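**Q** Have a look at this one before I ask anything.
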Amino acid sequence: MSRRAKTRTPRTRTPRTRTPRTRTPRTRGPRTRGPRPVRLAFTDILRLGLLGIRTRGPRAALSALGISLGIATLVVVTAVPASSSRALSNQLSALGTNMLRVAPQTNADPPVVLPESADAMAARIGPVTHASAVANLHRTVLRSDRADPADAPGISVLAARTGLLAAVHGTVGSGSFLTATTARFPTVVLGARAASRLGYDRVRPGKEAGQVYIGGRWFTVVGILAPLPLAPDLDSTVLIGWDAAREQFGFDGHPTVVYVTAVESQIENVRAVLPATVHPQLPGLVQVSRPSDVLAAKRATERTLSVLLLGLAGVALLVGGVGVANTMVVSVLERRREIGLRRALGASRRQIRGQFLAESVALSALGGCAGTLLGALGAGGYALYQTWPVVFPPLALAGGVLGAVVVGAAAGLYPAVRASGLPPTEALAAV
């Protein structure tokens with residue numbers, strides 16, 4: 001069987017002609033975006049907070065009243081004890097809490113003599129406020145030149161610096177003390193007990209001045225001191241000017257006692273350096289009186305009152321903060337529909353938080369200002385009634401307003417977060 005031979009006809013490929021594609025340009029329309037949230041400035045948020053306070057006038061007034069009473073209590077419980085403490089401190093300071101007495105040792109052999117400028121050197125110590133000196137002239141004072149020296153009333157005659165009264169917290173009962181002018185002339189000032197023994201009760205201006213007889217010389221009485229509770233040894237003395245003592249009796253200028261007053265908080269440090277200051281050659285032979293025991297009692301009293309004031313202030317601020325928090329929580333519950341409506345209209349959670357937080361801070365600030373003024377009036381009136389110095393601690397006045405603002409912000413934080421977290425549908429469905 002023969003196979004048929006197959007003849008293949010070659011295929012002719014016709015070239016394809018590609019037609020270029022024509023792309024129709026897409027026309028892009030404006031992109032549609034969601035509504036952009038409106039950003040509120042701080043003044044707008046504050047205005048919303050004040051609007052919320054105005055729309056709830058009676059409730060806001062009662063809330064501010066509660067805050068103001070809490071802040072007024074804070075001011076009163078801090079200012080009244082502060083005034084009482086200042087009055088007590090003044091009374092204790094009058095007992096010589098800041099005064100020191102410097103004198104050489106009495107049993108030294110040979111006797112110790114203080115330098116002539118001992119009081120001036122003590123005055124150079126930084127915390128020292130006053131320094132003065134007296135010197136014993138070892139003279140006898142008599143009422144007249146015909147009196148028997150054996151009947152001398154036992155009164156010491158001292159040369160005194162003109163600044164002595166300031167150093168011993170003394171006052172003049174009658175007449176005047178020695179001045180830069182009278183200290184050069186034969187004039188004297190009598191201590192309270194010395195005046196009584198010499199028969200003088202007061203100095204009468206316009207009348208003939210009294211005189212005393214000292215060391216064969218007459219001296220005119222120009223003043224009588226009031227009793228000196230801090231330096232009772234001066235009550236039985238007759239004081240002569242420093243320059244007059246040099247001229248009349250040949251006084252060598254070496255003091256026997258130096259009186260020093262210093263800043264109360266530095267009194268121990270001043271006492272430590274006084275011996276080497278007034279007598280650098282022999283500091284160990286100089287005696288300095290120790291600070292009064294009243295100083296320790298005064299410091300203990302101040303510490304106790306400070307702790308008491310801080311405790312009372314904290315309680316008052318806590319009470320005010322609880323009142324603000326309670327008011328703002330109730331406000332959120334009452335205004336759920338308002339919150340839902342604002343959220344539905346596009347208000348963000350941040351704006352809701354800012355509104356309620358601003359309302360809480362504004363309410364607290366108004367109550368804090370009113371309470372500070374009310375407390376200051378009450379505390380000042382009570383202090384004046386008790387004849388105490390009126391003292392307003394800066395912490396009480398500044399803390400009255402700033403503390404109210406801080407407490408209001410802290411107390412309004414939770415209600416503000418709660419208000420911003422309410423879903424709009426749930427808030428609008430609230431009745």
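Each chain in the structure tokens gets a letter, A, B and so on, in the order shown; residues start at 1 in every chain, and ligands are counted from 1 in the order they appear.
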Skipping near chain neighbours, those fewer than 6 positions away, what residues fall within 12 Å of Arg246 in chain A using only C-alpha atoms, listed as an MDAnalysis selection string?

**A** chainID A and resid 135 137 158:160 183:186 240 252:254

**Q** Would you save the residues from that selection as an mmCIF file, in the first residue's frame, using N, CA and C atoms?

**A**
```cif
data_model
loop_
_atom_site.group_PDB
_atom_site.id
_atom_site.type_symbol
_atom_site.label_atom_id
_atom_site.label_comp_id
_atom_site.auth_asym_id
_atom_site.auth_seq_id
_atom_site.Cartn_x
_atom_site.Cartn_y
_atom_site.Cartn_z
ATOM 1 N N ALA A 135 31.063 100.699 131.550
ATOM 2 C CA ALA A 135 32.308 100.512 132.313
ATOM 3 C C ALA A 135 32.083 101.032 133.725
ATOM 4 N N LEU A 137 32.985 102.838 136.968
ATOM 5 C CA LEU A 137 33.920 103.908 137.333
ATOM 6 C C LEU A 137 34.340 103.838 138.795
ATOM 7 N N LEU A 158 28.335 104.113 136.253
ATOM 8 C CA LEU A 158 28.860 103.500 135.037
ATOM 9 C C LEU A 158 28.992 104.536 133.927
ATOM 10 N N ALA A 159 30.056 104.388 133.159
ATOM 11 C CA ALA A 159 30.148 105.112 131.894
ATOM 12 C C ALA A 159 29.407 104.295 130.847
ATOM 13 N N ALA A 160 28.605 104.948 130.012
ATOM 14 C CA ALA A 160 27.740 104.234 129.061
ATOM 15 C C ALA A 160 27.869 104.835 127.672
ATOM 16 N N ALA A 183 26.361 113.592 126.213
ATOM 17 C CA ALA A 183 27.356 112.661 126.740
ATOM 18 C C ALA A 183 28.692 113.331 126.993
ATOM 19 N N ARG A 184 28.925 114.534 126.480
ATOM 20 C CA ARG A 184 30.190 115.244 126.703
ATOM 21 C C ARG A 184 30.147 116.107 127.963
ATOM 22 N N PHE A 185 28.949 116.333 128.494
ATOM 23 C CA PHE A 185 28.793 117.234 129.636
ATOM 24 C C PHE A 185 28.454 116.451 130.902
ATOM 25 N N PRO A 186 28.572 117.091 132.074
ATOM 26 C CA PRO A 186 28.255 116.399 133.331
ATOM 27 C C PRO A 186 26.751 116.175 133.504
ATOM 28 N N ILE A 240 26.743 107.726 133.055
ATOM 29 C CA ILE A 240 27.432 108.952 132.632
ATOM 30 C C ILE A 240 27.932 108.747 131.205
ATOM 31 N N ASP A 252 39.844 105.398 131.519
ATOM 32 C CA ASP A 252 40.783 104.906 130.508
ATOM 33 C C ASP A 252 40.102 104.358 129.263
ATOM 34 N N GLY A 253 38.770 104.191 129.254
ATOM 35 C CA GLY A 253 38.051 103.759 128.051
ATOM 36 C C GLY A 253 37.869 102.275 127.888
ATOM 37 N N HIS A 254 38.317 101.452 128.872
ATOM 38 C CA HIS A 254 38.154 100.001 128.757
ATOM 39 C C HIS A 254 36.792 99.586 129.327
#
```

**Q** Do a neighbour search on Ile214 in chain A at 12 Å with only C-alpha atoms, toss out local chain neighbours closer than 5 positions, and write the hits as a short mmCIF file (atom, residue, chain, number, x, y, z; two decimals) with N, CA, C and O atoms, in the first residue's frame.

**A**
```
data_model
loop_
_atom_site.label_atom_id
_atom_site.label_comp_id
_atom_site.auth_asym_id
_atom_site.auth_seq_id
_atom_site.Cartn_x
_atom_site.Cartn_y
_atom_site.Cartn_z
N LEU A 137 32.98 102.84 136.97
CA LEU A 137 33.92 103.91 137.33
C LEU A 137 34.34 103.84 138.80
O LEU A 137 35.22 104.60 139.22
N HIS A 138 33.70 102.96 139.58
CA HIS A 138 34.04 102.78 141.00
C HIS A 138 33.96 104.13 141.74
O HIS A 138 34.88 104.52 142.47
N ARG A 139 32.86 104.81 141.57
CA ARG A 139 32.61 106.08 142.24
C ARG A 139 31.36 105.95 143.11
O ARG A 139 30.54 105.05 142.93
N THR A 140 31.24 106.90 144.03
CA THR A 140 30.09 106.92 144.93
C THR A 140 29.18 108.09 144.55
O THR A 140 29.65 109.20 144.29
N VAL A 141 27.89 107.81 144.51
CA VAL A 141 26.91 108.84 144.18
C VAL A 141 26.13 109.20 145.45
O VAL A 141 25.74 108.32 146.23
N LEU A 142 25.92 110.50 145.67
CA LEU A 142 25.20 110.99 146.83
C LEU A 142 24.12 111.96 146.37
O LEU A 142 24.18 112.54 145.29
N ARG A 143 23.14 112.15 147.26
CA ARG A 143 22.06 113.08 146.94
C ARG A 143 22.52 114.52 147.01
O ARG A 143 22.05 115.37 146.25
N SER A 144 23.45 114.83 147.92
CA SER A 144 23.99 116.19 148.05
C SER A 144 25.43 116.10 148.54
O SER A 144 25.90 115.05 148.98
N ASP A 145 26.12 117.24 148.52
CA ASP A 145 27.50 117.26 148.95
C ASP A 145 27.65 117.24 150.46
O ASP A 145 28.75 117.12 150.99
N ALA A 147 25.89 115.02 152.32
CA ALA A 147 25.56 113.68 152.79
C ALA A 147 26.82 112.93 153.18
O ALA A 147 27.91 113.18 152.65
N PRO A 149 29.35 110.03 153.10
CA PRO A 149 29.68 108.96 152.15
C PRO A 149 29.42 107.57 152.70
O PRO A 149 29.21 106.63 151.94
N ALA A 152 26.04 106.06 151.59
CA ALA A 152 25.77 105.95 150.15
C ALA A 152 24.77 104.83 149.90
O ALA A 152 24.82 103.77 150.55
N ILE A 155 24.71 102.47 144.96
CA ILE A 155 24.40 102.61 143.54
C ILE A 155 25.72 102.68 142.77
O ILE A 155 26.62 103.42 143.14
N SER A 156 25.80 101.90 141.69
CA SER A 156 27.01 101.89 140.86
C SER A 156 26.99 103.05 139.88
O SER A 156 25.93 103.44 139.37
N VAL A 157 28.15 103.58 139.61
CA VAL A 157 28.30 104.65 138.62
C VAL A 157 29.01 104.06 137.42
O VAL A 157 30.13 103.55 137.53
N LEU A 158 28.33 104.11 136.25
CA LEU A 158 28.86 103.50 135.04
C LEU A 158 28.99 104.54 133.93
O LEU A 158 28.15 105.43 133.79
N PRO A 186 28.57 117.09 132.07
CA PRO A 186 28.25 116.40 133.33
C PRO A 186 26.75 116.18 133.50
O PRO A 186 26.07 116.87 134.27
N THR A 187 26.23 115.23 132.77
CA THR A 187 24.82 114.85 132.87
C THR A 187 24.74 113.36 133.16
O THR A 187 25.65 112.59 132.82
N VAL A 188 23.65 112.94 133.78
CA VAL A 188 23.48 111.53 134.13
C VAL A 188 22.05 111.09 133.80
O VAL A 188 21.13 111.90 133.71
N PHE A 219 26.39 116.61 138.93
CA PHE A 219 25.91 116.14 137.62
C PHE A 219 24.39 116.37 137.55
O PHE A 219 23.66 116.11 138.52
N THR A 220 23.93 116.81 136.41
CA THR A 220 22.51 117.11 136.19
C THR A 220 21.79 115.86 135.70
O THR A 220 22.25 115.17 134.79
N VAL A 221 20.62 115.60 136.30
CA VAL A 221 19.80 114.45 135.90
C VAL A 221 18.97 114.84 134.67
O VAL A 221 18.14 115.76 134.75
N VAL A 238 23.86 104.61 137.92
CA VAL A 238 23.82 105.98 137.38
C VAL A 238 24.73 105.99 136.17
O VAL A 238 25.90 105.61 136.26
N LEU A 239 24.19 106.39 135.02
CA LEU A 239 24.91 106.32 133.76
C LEU A 239 25.44 107.69 133.36
O LEU A 239 24.70 108.67 133.34
N ILE A 240 26.74 107.73 133.05
CA ILE A 240 27.43 108.95 132.63
C ILE A 240 27.93 108.75 131.20
O ILE A 240 28.27 107.63 130.81
N ALA A 245 32.97 110.88 131.28
CA ALA A 245 33.73 110.08 132.24
C ALA A 245 35.23 110.23 132.02
O ALA A 245 36.01 110.27 132.99
N GLN A 248 35.99 113.99 133.36
CA GLN A 248 35.77 114.27 134.77
C GLN A 248 36.56 113.35 135.70
O GLN A 248 37.01 113.78 136.76
N PHE A 249 36.75 112.08 135.28
CA PHE A 249 37.37 111.12 136.20
C PHE A 249 38.59 110.43 135.61
O PHE A 249 39.12 109.48 136.22
#
```

**Q** Expressed in Å to a single decimal, how great is the separation between CA of Leu69 in chain A and CA of Ser83 in chain A?

**A**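 A separation of 20.5 Å between them.
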
**Q** Using DSSP secondary structure from the backbone, list all strand (DSSP E or B) positions within range 98-344 of chain A, as a ChimeraX atom specification.

**A** /A:99-104,128-136,141-142,156-160,172-175,187-190,211-214,217-225,237-241,257-262,286-288

**Q** For a quick check of understanding, using only C-alpha atoms, which of A:Gly354, A:Leu397, A:Ser117, A:Ala131 has the smallest distance to Leu377 in chain A?

**A**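 Closest to Leu377 in chain A, using only C-alpha atoms: A:Leu397.
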
**Q** With only C-alpha atoms as the counted atoms, please give the residues lying no more than 6 Å from range 387-393 of chain A, apart from itself and same-chain residues fewer than 2 positions off, as a ChimeraX atom specification.

**A** /A:79,83,87,380,383-385,395-396

**Q** Please produce a file of those selected residues containing C-alpha atoms, as an mmCIF file, in the first residue's frame.

**A**
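Result written to selection-v5.cif:
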```cif
data_model
loop_
_atom_site.group_PDB
_atom_site.id
_atom_site.type_symbol
_atom_site.label_atom_id
_atom_site.label_comp_id
_atom_site.auth_asym_id
_atom_site.auth_seq_id
_atom_site.Cartn_x
_atom_site.Cartn_y
_atom_site.Cartn_z
ATOM 1 C CA ALA A 79 -3.927 83.715 109.384
ATOM 2 C CA SER A 83 -1.193 86.386 114.162
ATOM 3 C CA ALA A 87 2.106 88.058 119.188
ATOM 4 C CA GLY A 380 -7.900 90.628 110.232
ATOM 5 C CA ALA A 383 -6.662 89.797 115.160
ATOM 6 C CA LEU A 384 -7.471 93.471 115.730
ATOM 7 C CA TYR A 385 -10.094 92.510 118.304
ATOM 8 C CA LEU A 395 1.011 80.825 101.495
ATOM 9 C CA ALA A 396 -2.532 81.471 102.699
#
```

**Q** Just list the residues in range 164-209 of chain A DSSP gives alpha helix (DSSP H) on the backbone, as a list in words.

**A**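 For range 164-209 of chain A, the alpha helix (DSSP H) set is Leu164, Leu165, Ala166, Ala167, Val168, Ala192, Arg193, Ala194, Ala195, Ser196, Arg197 and Leu198 of chain A.
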
**Q** Using N, CA, C and O atoms, can you export the residues from the last selection as a JSON list (two decimals), in the first residue's frame?

**A**
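See selection.json below for the written result:
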```json
[["chain", "number", "residue", "atom", "x", "y", "z"],
["A", 164, "LEU", "N", 23.31, 102.31, 124.22],
["A", 164, "LEU", "CA", 23.06, 101.25, 125.19],
["A", 164, "LEU", "C", 21.61, 100.78, 125.18],
["A", 164, "LEU", "O", 21.34, 99.58, 125.28],
["A", 165, "LEU", "N", 20.65, 101.69, 125.10],
["A", 165, "LEU", "CA", 19.24, 101.30, 125.20],
["A", 165, "LEU", "C", 18.84, 100.33, 124.10],
["A", 165, "LEU", "O", 18.08, 99.39, 124.35],
["A", 166, "ALA", "N", 19.33, 100.54, 122.89],
["A", 166, "ALA", "CA", 18.98, 99.63, 121.80],
["A", 166, "ALA", "C", 19.53, 98.23, 122.05],
["A", 166, "ALA", "O", 18.91, 97.23, 121.67],
["A", 167, "ALA", "N", 20.67, 98.13, 122.69],
["A", 167, "ALA", "CA", 21.29, 96.82, 122.92],
["A", 167, "ALA", "C", 20.62, 96.05, 124.03],
["A", 167, "ALA", "O", 20.67, 94.81, 124.04],
["A", 168, "VAL", "N", 19.99, 96.74, 125.00],
["A", 168, "VAL", "CA", 19.35, 96.05, 126.13],
["A", 168, "VAL", "C", 17.84, 96.12, 126.06],
["A", 168, "VAL", "O", 17.15, 95.76, 127.02],
["A", 192, "ALA", "N", 15.92, 102.88, 137.18],
["A", 192, "ALA", "CA", 14.63, 102.99, 137.87],
["A", 192, "ALA", "C", 14.79, 102.85, 139.38],
["A", 192, "ALA", "O", 14.25, 103.66, 140.16],
["A", 193, "ARG", "N", 15.55, 101.86, 139.84],
["A", 193, "ARG", "CA", 15.74, 101.68, 141.28],
["A", 193, "ARG", "C", 16.65, 102.75, 141.86],
["A", 193, "ARG", "O", 16.44, 103.22, 143.00],
["A", 194, "ALA", "N", 17.65, 103.17, 141.13],
["A", 194, "ALA", "CA", 18.54, 104.23, 141.61],
["A", 194, "ALA", "C", 17.79, 105.54, 141.77],
["A", 194, "ALA", "O", 18.02, 106.28, 142.74],
["A", 195, "ALA", "N", 16.88, 105.85, 140.87],
["A", 195, "ALA", "CA", 16.11, 107.08, 140.98],
["A", 195, "ALA", "C", 15.23, 107.06, 142.23],
["A", 195, "ALA", "O", 15.10, 108.08, 142.93],
["A", 196, "SER", "N", 14.67, 105.90, 142.52],
["A", 196, "SER", "CA", 13.84, 105.81, 143.72],
["A", 196, "SER", "C", 14.67, 106.01, 144.99],
["A", 196, "SER", "O", 14.23, 106.68, 145.93],
["A", 197, "ARG", "N", 15.87, 105.45, 145.03],
["A", 197, "ARG", "CA", 16.72, 105.60, 146.22],
["A", 197, "ARG", "C", 17.23, 107.03, 146.38],
["A", 197, "ARG", "O", 17.43, 107.49, 147.51],
["A", 198, "LEU", "N", 17.43, 107.73, 145.28],
["A", 198, "LEU", "CA", 17.93, 109.10, 145.35],
["A", 198, "LEU", "C", 16.80, 110.13, 145.48],
["A", 198, "LEU", "O", 17.07, 111.33, 145.57]]
```

**Q** Extract, using only C-alpha atoms, all DNA, RNA and protein residues at most 6 Å from Ala226 in chain A, discarding same-chain residues fewer than 6 positions from it, and format them as a list in words.

**A**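 Close residues of Ala226 in chain A: Thr171, Val172, Gly173 and Ala192 of chain A.
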
**Q** Just write the chosen residues, all heavy atoms, as a PDB file, in the first residue's frame.

**A**
```
ATOM      1  N   THR A 171      13.901 101.384 127.567  1.00  0.00           N
ATOM      2  CA  THR A 171      13.141 102.592 127.244  1.00  0.00           C
ATOM      3  C   THR A 171      13.335 103.606 128.360  1.00  0.00           C
ATOM      4  O   THR A 171      13.686 103.257 129.506  1.00  0.00           O
ATOM      5  CB  THR A 171      11.642 102.292 127.091  1.00  0.00           C
ATOM      6  OG1 THR A 171      11.148 101.666 128.289  1.00  0.00           O
ATOM      7  CG2 THR A 171      11.386 101.375 125.905  1.00  0.00           C
ATOM      8  N   VAL A 172      13.114 104.856 128.020  1.00  0.00           N
ATOM      9  CA  VAL A 172      13.223 105.952 128.983  1.00  0.00           C
ATOM     10  C   VAL A 172      11.856 106.199 129.590  1.00  0.00           C
ATOM     11  O   VAL A 172      10.868 106.389 128.873  1.00  0.00           O
ATOM     12  CB  VAL A 172      13.759 107.222 128.301  1.00  0.00           C
ATOM     13  CG1 VAL A 172      13.802 108.375 129.294  1.00  0.00           C
ATOM     14  CG2 VAL A 172      15.148 106.956 127.729  1.00  0.00           C
ATOM     15  N   GLY A 173      11.785 106.183 130.925  1.00  0.00           N
ATOM     16  CA  GLY A 173      10.520 106.449 131.591  1.00  0.00           C
ATOM     17  C   GLY A 173      10.210 107.928 131.682  1.00  0.00           C
ATOM     18  O   GLY A 173       9.051 108.335 131.603  1.00  0.00           O
ATOM     19  N   ALA A 192      15.916 102.877 137.177  1.00  0.00           N
ATOM     20  CA  ALA A 192      14.626 102.989 137.873  1.00  0.00           C
ATOM     21  C   ALA A 192      14.794 102.853 139.381  1.00  0.00           C
ATOM     22  O   ALA A 192      14.253 103.663 140.158  1.00  0.00           O
ATOM     23  CB  ALA A 192      13.675 101.921 137.340  1.00  0.00           C
TER      24      ALA A 192
END
```
